[in-house]
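Structure data (PDB, C-alpha atoms and all ligand atoms) from final14.pdb:
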```
MODEL        1
ATOM      1  CA  MET A  28      -0.535  -3.004  16.429  1.00  0.00           C
ATOM      2  CA  GLY A  29      -1.537  -5.034  13.413  1.00  0.00           C
ATOM      3  CA  ASN A  30      -5.099  -3.965  13.690  1.00  0.00           C
ATOM      4  CA  ALA A  31      -4.129  -0.317  14.075  1.00  0.00           C
ATOM      5  CA  THR A  32      -2.071  -0.429  10.877  1.00  0.00           C
ATOM      6  CA  LEU A  33      -4.790  -2.299   9.012  1.00  0.00           C
ATOM      7  CA  ALA A  34      -7.414   0.134  10.241  1.00  0.00           C
ATOM      8  CA  ALA A  35      -5.222   3.019   9.060  1.00  0.00           C
ATOM      9  CA  TRP A  36      -4.827   1.370   5.633  1.00  0.00           C
ATOM     10  CA  ARG A  37      -8.545   0.817   5.290  1.00  0.00           C
ATOM     11  CA  SER A  38      -9.275   4.423   6.117  1.00  0.00           C
ATOM     12  CA  ASP A  39      -6.500   5.512   3.706  1.00  0.00           C
ATOM     13  CA  HIS A  40      -8.141   3.419   0.980  1.00  0.00           C
ATOM     14  CA  ALA A  41     -11.512   4.983   1.680  1.00  0.00           C
ATOM     15  CA  ARG A  42      -9.939   8.431   1.489  1.00  0.00           C
ATOM     16  CA  PHE A  43      -8.045   7.606  -1.726  1.00  0.00           C
ATOM     17  CA  GLY A  44     -11.296   6.244  -3.183  1.00  0.00           C
ATOM     18  CA  GLY A  45     -13.010   9.511  -2.299  1.00  0.00           C
ATOM     19  CA  LEU A  46     -10.258  11.536  -3.970  1.00  0.00           C
ATOM     20  CA  LEU A  47     -10.416   9.355  -7.100  1.00  0.00           C
ATOM     21  CA  ALA A  48     -14.197   9.735  -7.146  1.00  0.00           C
ATOM     22  CA  ARG A  49     -13.752  13.525  -7.173  1.00  0.00           C
ATOM     23  CA  LEU A  50     -11.539  13.217 -10.268  1.00  0.00           C
ATOM     24  CA  ARG A  51     -14.109  11.164 -12.166  1.00  0.00           C
ATOM     25  CA  PRO A  52     -16.514  14.033 -13.017  1.00  0.00           C
ATOM     26  CA  GLU A  53     -13.521  15.929 -14.448  1.00  0.00           C
ATOM     27  CA  LEU A  54     -12.971  13.025 -16.809  1.00  0.00           C
ATOM     28  CA  ASP A  55     -16.569  13.384 -17.985  1.00  0.00           C
ATOM     29  CA  VAL A  56     -16.023  17.109 -18.551  1.00  0.00           C
ATOM     30  CA  LEU A  57     -12.890  16.360 -20.580  1.00  0.00           C
ATOM     31  CA  HIS A  58     -14.768  13.761 -22.570  1.00  0.00           C
ATOM     32  CA  GLU A  59     -17.583  16.184 -23.329  1.00  0.00           C
ATOM     33  CA  GLY A  60     -15.131  18.798 -24.565  1.00  0.00           C
ATOM     34  CA  GLY A  61     -15.403  21.227 -21.639  1.00  0.00           C
ATOM     35  CA  ARG A  62     -12.667  22.692 -19.469  1.00  0.00           C
ATOM     36  CA  PRO A  63     -12.208  20.648 -16.322  1.00  0.00           C
ATOM     37  CA  ASP A  64     -11.161  22.164 -13.027  1.00  0.00           C
ATOM     38  CA  TYR A  65      -7.461  21.711 -13.661  1.00  0.00           C
ATOM     39  CA  GLU A  66      -6.477  23.475 -10.438  1.00  0.00           C
ATOM     40  CA  GLY A  67      -8.681  21.146  -8.394  1.00  0.00           C
ATOM     41  CA  MET A  68      -7.388  18.114 -10.274  1.00  0.00           C
ATOM     42  CA  ALA A  69      -3.782  19.130  -9.643  1.00  0.00           C
ATOM     43  CA  ALA A  70      -4.474  19.496  -5.911  1.00  0.00           C
ATOM     44  CA  ILE A  71      -6.070  16.054  -5.702  1.00  0.00           C
ATOM     45  CA  VAL A  72      -3.346  14.267  -7.675  1.00  0.00           C
ATOM     46  CA  ALA A  73      -0.678  16.068  -5.650  1.00  0.00           C
ATOM     47  CA  GLU A  74      -2.342  14.921  -2.432  1.00  0.00           C
ATOM     48  CA  LEU A  75      -2.533  11.318  -3.661  1.00  0.00           C
ATOM     49  CA  ARG A  76       1.134  11.456  -4.610  1.00  0.00           C
ATOM     50  CA  GLU A  77       2.286  13.146  -1.439  1.00  0.00           C
ATOM     51  CA  TYR A  78       0.645  10.723   0.938  1.00  0.00           C
ATOM     52  CA  GLY A  79       0.006   7.617  -1.169  1.00  0.00           C
ATOM     53  CA  ASP A  80       3.322   7.351  -2.939  1.00  0.00           C
ATOM     54  CA  LYS A  81       5.473   8.555  -0.064  1.00  0.00           C
ATOM     55  CA  VAL A  82       3.779   7.074   3.000  1.00  0.00           C
ATOM     56  CA  HIS A  83       1.072   4.512   2.300  1.00  0.00           C
ATOM     57  CA  HIS A  84       2.757   2.512  -0.458  1.00  0.00           C
ATOM     58  CA  PRO A  85       6.219   2.193   1.146  1.00  0.00           C
ATOM     59  CA  LEU A  86       4.527   0.889   4.288  1.00  0.00           C
ATOM     60  CA  GLU A  87       2.560  -1.664   2.283  1.00  0.00           C
ATOM     61  CA  ASP A  88       5.730  -2.662   0.440  1.00  0.00           C
ATOM     62  CA  ALA A  89       7.360  -3.487   3.778  1.00  0.00           C
ATOM     63  CA  ALA A  90       4.343  -5.513   4.896  1.00  0.00           C
ATOM     64  CA  PHE A  91       3.946  -7.295   1.554  1.00  0.00           C
ATOM     65  CA  ALA A  92       7.597  -8.389   1.610  1.00  0.00           C
ATOM     66  CA  LEU A  93       7.066  -9.957   5.049  1.00  0.00           C
ATOM     67  CA  LEU A  94       3.779 -11.453   3.941  1.00  0.00           C
ATOM     68  CA  ALA A  95       5.377 -13.063   0.883  1.00  0.00           C
ATOM     69  CA  ARG A  96       7.777 -14.846   3.233  1.00  0.00           C
ATOM     70  CA  ARG A  97       4.930 -16.150   5.370  1.00  0.00           C
ATOM     71  CA  ARG A  98       2.779 -17.054   2.383  1.00  0.00           C
ATOM     72  CA  PRO A  99       4.947 -17.904  -0.631  1.00  0.00           C
ATOM     73  CA  ASP A 100       1.790 -19.024  -2.444  1.00  0.00           C
ATOM     74  CA  PHE A 101       0.841 -15.324  -2.600  1.00  0.00           C
ATOM     75  CA  ALA A 102       4.323 -14.068  -3.489  1.00  0.00           C
ATOM     76  CA  LEU A 103       3.571 -13.408  -7.153  1.00  0.00           C
ATOM     77  CA  ARG A 104       0.359 -11.532  -6.387  1.00  0.00           C
ATOM     78  CA  LEU A 105       2.139  -9.451  -3.751  1.00  0.00           C
ATOM     79  CA  ALA A 106       5.029  -8.706  -6.115  1.00  0.00           C
ATOM     80  CA  ARG A 107       2.531  -7.451  -8.688  1.00  0.00           C
ATOM     81  CA  LEU A 108       0.944  -5.106  -6.155  1.00  0.00           C
ATOM     82  CA  GLN A 109       4.382  -3.757  -5.259  1.00  0.00           C
ATOM     83  CA  GLN A 110       5.069  -3.206  -8.952  1.00  0.00           C
ATOM     84  CA  GLU A 111       1.725  -1.415  -9.221  1.00  0.00           C
ATOM     85  CA  HIS A 112       2.877   1.039  -6.534  1.00  0.00           C
ATOM     86  CA  ARG A 113       5.688   2.067  -8.853  1.00  0.00           C
ATOM     87  CA  VAL A 114       3.346   2.300 -11.843  1.00  0.00           C
ATOM     88  CA  ILE A 115       0.871   4.396  -9.835  1.00  0.00           C
ATOM     89  CA  ALA A 116       3.670   6.755  -8.781  1.00  0.00           C
ATOM     90  CA  ARG A 117       4.861   7.123 -12.373  1.00  0.00           C
ATOM     91  CA  ALA A 118       1.354   7.495 -13.814  1.00  0.00           C
ATOM     92  CA  GLY A 119       0.428  10.084 -11.173  1.00  0.00           C
ATOM     93  CA  GLY A 120       3.611  12.002 -11.895  1.00  0.00           C
ATOM     94  CA  THR A 121       2.903  12.060 -15.621  1.00  0.00           C
ATOM     95  CA  LEU A 122      -0.701  13.107 -15.057  1.00  0.00           C
ATOM     96  CA  LEU A 123       0.313  15.901 -12.706  1.00  0.00           C
ATOM     97  CA  GLU A 124       2.940  17.135 -15.176  1.00  0.00           C
ATOM     98  CA  GLN A 125       0.353  17.268 -17.939  1.00  0.00           C
ATOM     99  CA  ILE A 126      -2.108  19.185 -15.761  1.00  0.00           C
ATOM    100  CA  GLU A 127       0.617  21.622 -14.725  1.00  0.00           C
ATOM    101  CA  GLU A 128       1.578  22.147 -18.356  1.00  0.00           C
ATOM    102  CA  VAL A 129      -2.036  23.054 -19.150  1.00  0.00           C
ATOM    103  CA  LEU A 130      -2.085  25.444 -16.179  1.00  0.00           C
ATOM    104  CA  ASN A 131       1.143  27.005 -17.430  1.00  0.00           C
ATOM    105  CA  GLY A 132      -0.467  27.706 -20.767  1.00  0.00           C
ATOM    106  CA  ALA A 133       1.119  24.934 -22.821  1.00  0.00           C
ATOM    107  CA  ILE A 134      -0.900  23.277 -25.528  1.00  0.00           C
ATOM    108  CA  VAL A 135      -1.537  19.756 -24.295  1.00  0.00           C
ATOM    109  CA  PRO A 136      -3.841  17.624 -26.451  1.00  0.00           C
ATOM    110  CA  ARG A 137      -7.078  17.011 -24.571  1.00  0.00           C
ATOM    111  CA  GLU A 138      -6.973  13.285 -25.339  1.00  0.00           C
ATOM    112  CA  GLU A 139      -3.595  13.019 -23.657  1.00  0.00           C
ATOM    113  CA  VAL A 140      -4.930  14.289 -20.334  1.00  0.00           C
ATOM    114  CA  GLU A 141      -8.121  12.299 -20.797  1.00  0.00           C
ATOM    115  CA  VAL A 142      -6.256   9.022 -21.371  1.00  0.00           C
ATOM    116  CA  ALA A 143      -3.801   9.670 -18.525  1.00  0.00           C
ATOM    117  CA  LEU A 144      -6.629  10.465 -16.120  1.00  0.00           C
ATOM    118  CA  ALA A 145      -8.824   7.545 -17.201  1.00  0.00           C
ATOM    119  CA  THR A 146      -5.906   5.133 -16.904  1.00  0.00           C
ATOM    120  CA  TYR A 147      -4.961   6.461 -13.474  1.00  0.00           C
ATOM    121  CA  LEU A 148      -8.523   6.156 -12.171  1.00  0.00           C
ATOM    122  CA  VAL A 149      -9.047   2.583 -13.346  1.00  0.00           C
ATOM    123  CA  TYR A 150      -5.593   1.350 -12.436  1.00  0.00           C
ATOM    124  CA  TYR A 151      -5.582   2.892  -8.966  1.00  0.00           C
ATOM    125  CA  GLY A 152      -9.173   1.819  -8.278  1.00  0.00           C
ATOM    126  CA  ASN A 153      -8.412  -1.785  -9.186  1.00  0.00           C
ATOM    127  CA  HIS A 154      -5.274  -1.736  -7.089  1.00  0.00           C
ATOM    128  CA  ILE A 155      -7.151  -0.640  -3.998  1.00  0.00           C
ATOM    129  CA  ALA A 156      -9.918  -3.184  -4.613  1.00  0.00           C
ATOM    130  CA  ARG A 157      -7.430  -6.030  -4.912  1.00  0.00           C
ATOM    131  CA  GLU A 158      -5.757  -5.047  -1.659  1.00  0.00           C
ATOM    132  CA  GLU A 159      -9.040  -4.705   0.174  1.00  0.00           C
ATOM    133  CA  GLU A 160     -10.411  -7.988  -1.111  1.00  0.00           C
ATOM    134  CA  ASP A 161      -7.357 -10.264  -1.136  1.00  0.00           C
ATOM    135  CA  VAL A 162      -4.420  -8.878   0.697  1.00  0.00           C
ATOM    136  CA  LEU A 163      -5.614  -7.087   3.796  1.00  0.00           C
ATOM    137  CA  PRO A 164      -7.564 -10.117   5.032  1.00  0.00           C
ATOM    138  CA  LEU A 165      -4.522 -12.294   4.310  1.00  0.00           C
ATOM    139  CA  ALA A 166      -2.201  -9.878   6.131  1.00  0.00           C
ATOM    140  CA  GLU A 167      -4.536  -9.851   9.101  1.00  0.00           C
ATOM    141  CA  GLU A 168      -4.419 -13.621   9.250  1.00  0.00           C
ATOM    142  CA  ALA A 169      -0.797 -14.353   8.411  1.00  0.00           C
ATOM    143  CA  LEU A 170       1.345 -11.546   9.840  1.00  0.00           C
ATOM    144  CA  THR A 171       2.560 -11.945  13.402  1.00  0.00           C
ATOM    145  CA  PRO A 172       2.749  -9.161  15.999  1.00  0.00           C
ATOM    146  CA  GLY A 173       6.521  -9.163  15.378  1.00  0.00           C
ATOM    147  CA  ASP A 174       5.918  -8.623  11.662  1.00  0.00           C
ATOM    148  CA  TRP A 175       3.620  -5.709  12.368  1.00  0.00           C
ATOM    149  CA  ALA A 176       6.194  -4.186  14.681  1.00  0.00           C
ATOM    150  CA  GLU A 177       8.700  -4.432  11.831  1.00  0.00           C
ATOM    151  CA  VAL A 178       6.250  -2.713   9.470  1.00  0.00           C
ATOM    152  CA  ALA A 179       5.693   0.054  12.012  1.00  0.00           C
ATOM    153  CA  HIS A 180       9.441   0.427  12.345  1.00  0.00           C
ATOM    154  CA  ALA A 181       9.799   0.663   8.559  1.00  0.00           C
ATOM    155  CA  ALA A 182       7.327   3.531   8.668  1.00  0.00           C
ATOM    156  CA  GLN A 183       9.566   5.503  10.973  1.00  0.00           C
ATOM    157  CA  VAL A 184      12.827   5.215   9.075  1.00  0.00           C
TER     158      VAL A 184
HETATM  159 FE    FE B   1      -1.073  -0.553  -2.457  1.00  0.00          FE
HETATM  160 FE    FE B   2      -3.058   0.330  -0.265  1.00  0.00          FE
ENDMDL
END
```

Kindly present the structure from the file in structure tokens form.
Amino acid sequence: MGNATLAAWRSDHARFGGLLARLRPELDVLHEGGRPDYEGMAAIVAELREYGDKVHHPLEDAAFALLARRRPDFALRLARLQQEHRVIARAGGTLLEQIEEVLNGAIVPREEVEVALATYLVYYGNHIAREEEDVLPLAEEALTPGDWAEVAHAAQV
């Protein structure tokens, strides 16, 4: 079970990374003063929010809470990652609102969208990297089959 969840997380991360990579050229367009593909950007951010914020992150939160009990020496680092889930959700929401405002014809300063997008890309990218490098290997080592069953159960409620 543990391995199945970890494998799912790793493939989620790869997919999230791919979605973030598709946003990056839009940042370059914004920076160069062109009109990015706002519709495409909105679809990507909405997808990240729909699955990442509602499914992937709550599942990690459940696992990280169990992991912090097994490995109190990592508790602070795990708490920070859980906090980052909330920041990512908020930042993605703000970014999506700004994009939707542009699509609805509102005047949104270009720099505002540019800064929101750049921040989202860096912050989310670092978050995924930290999980891949530090936390997933630790979870693999320290969580018991019972813990993983609890995580799977958390996913269903
Ligand atoms: Fe995460
Ligand atoms: Fe993650």

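One finds CA of His112 in chain A at 7.3 Å from CA of Asp80 in chain A.
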
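With the cut-off set to 10 Å and only C-alpha atoms and all ligand atoms counted, the residues surrounding ligand FE 2 (chain B) are A:Leu33, A:Ala35, A:Trp36, A:Arg37, A:Ser38, A:Asp39, A:His40, A:Ala41, A:Phe43, A:Gly79, A:Asp80, A:His83, A:His84, A:Pro85, A:Leu86, A:Glu87, A:Asp88, A:Leu108, A:Gln109, A:His112, A:Tyr151, A:His154, A:Ile155, A:Ala156, A:Arg157, A:Glu158, A:Glu159, A:Val162, A:Leu163.
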
For range 59-61 of chain A, find every residue with an atom within 10 Å (counting all atoms listed in the file), except residues of its own chain fewer than 6 positions away, and show them as a ChimeraX atom specification. /A:53,137-138

Of the candidates A:Leu57, A:Arg96, A:Glu139, A:Leu46, which one gets nearest to Ala169 in chain A if we count only C-alpha atoms? A:Arg96

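Using all atoms listed in the file, the set of residues no farther than 10 Å from the position (-5.4, 9.6, -6.5) comprises Arg42, Phe43, Gly44, Gly45, Leu46, Leu47, Ala48, Arg49, Leu50, Met68, Ala70, Ile71, Val72, Ala73, Glu74, Leu75, Arg76, Glu77, Tyr78, Gly79, Asp80, Ile115, Ala116, Gly119, Leu144, Tyr147, Leu148, Tyr151 and Gly152 of chain A.
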
Using all atoms listed in the file, determine which residues lie at most 12 Å from Asn30 in chain A, disregarding the query and same-chain residues fewer than 2 positions distant; provide the list as JSON, numbers by chain. {"A": [28, 32, 33, 34, 35, 36, 37, 163, 164, 166, 167, 168, 170, 171, 172, 175, 176, 179]}

Save out the residues we just selected, C-alpha atoms, as a PDB file, in the frame of the given file.
```
ATOM      1  CA  MET A  28      -0.535  -3.004  16.429  1.00  0.00           C
ATOM      2  CA  THR A  32      -2.071  -0.429  10.877  1.00  0.00           C
ATOM      3  CA  LEU A  33      -4.790  -2.299   9.012  1.00  0.00           C
ATOM      4  CA  ALA A  34      -7.414   0.134  10.241  1.00  0.00           C
ATOM      5  CA  ALA A  35      -5.222   3.019   9.060  1.00  0.00           C
ATOM      6  CA  TRP A  36      -4.827   1.370   5.633  1.00  0.00           C
ATOM      7  CA  ARG A  37      -8.545   0.817   5.290  1.00  0.00           C
ATOM      8  CA  LEU A 163      -5.614  -7.087   3.796  1.00  0.00           C
ATOM      9  CA  PRO A 164      -7.564 -10.117   5.032  1.00  0.00           C
ATOM     10  CA  ALA A 166      -2.201  -9.878   6.131  1.00  0.00           C
ATOM     11  CA  GLU A 167      -4.536  -9.851   9.101  1.00  0.00           C
ATOM     12  CA  GLU A 168      -4.419 -13.621   9.250  1.00  0.00           C
ATOM     13  CA  LEU A 170       1.345 -11.546   9.840  1.00  0.00           C
ATOM     14  CA  THR A 171       2.560 -11.945  13.402  1.00  0.00           C
ATOM     15  CA  PRO A 172       2.749  -9.161  15.999  1.00  0.00           C
ATOM     16  CA  TRP A 175       3.620  -5.709  12.368  1.00  0.00           C
ATOM     17  CA  ALA A 176       6.194  -4.186  14.681  1.00  0.00           C
ATOM     18  CA  ALA A 179       5.693   0.054  12.012  1.00  0.00           C
TER      19      ALA A 179
END
```
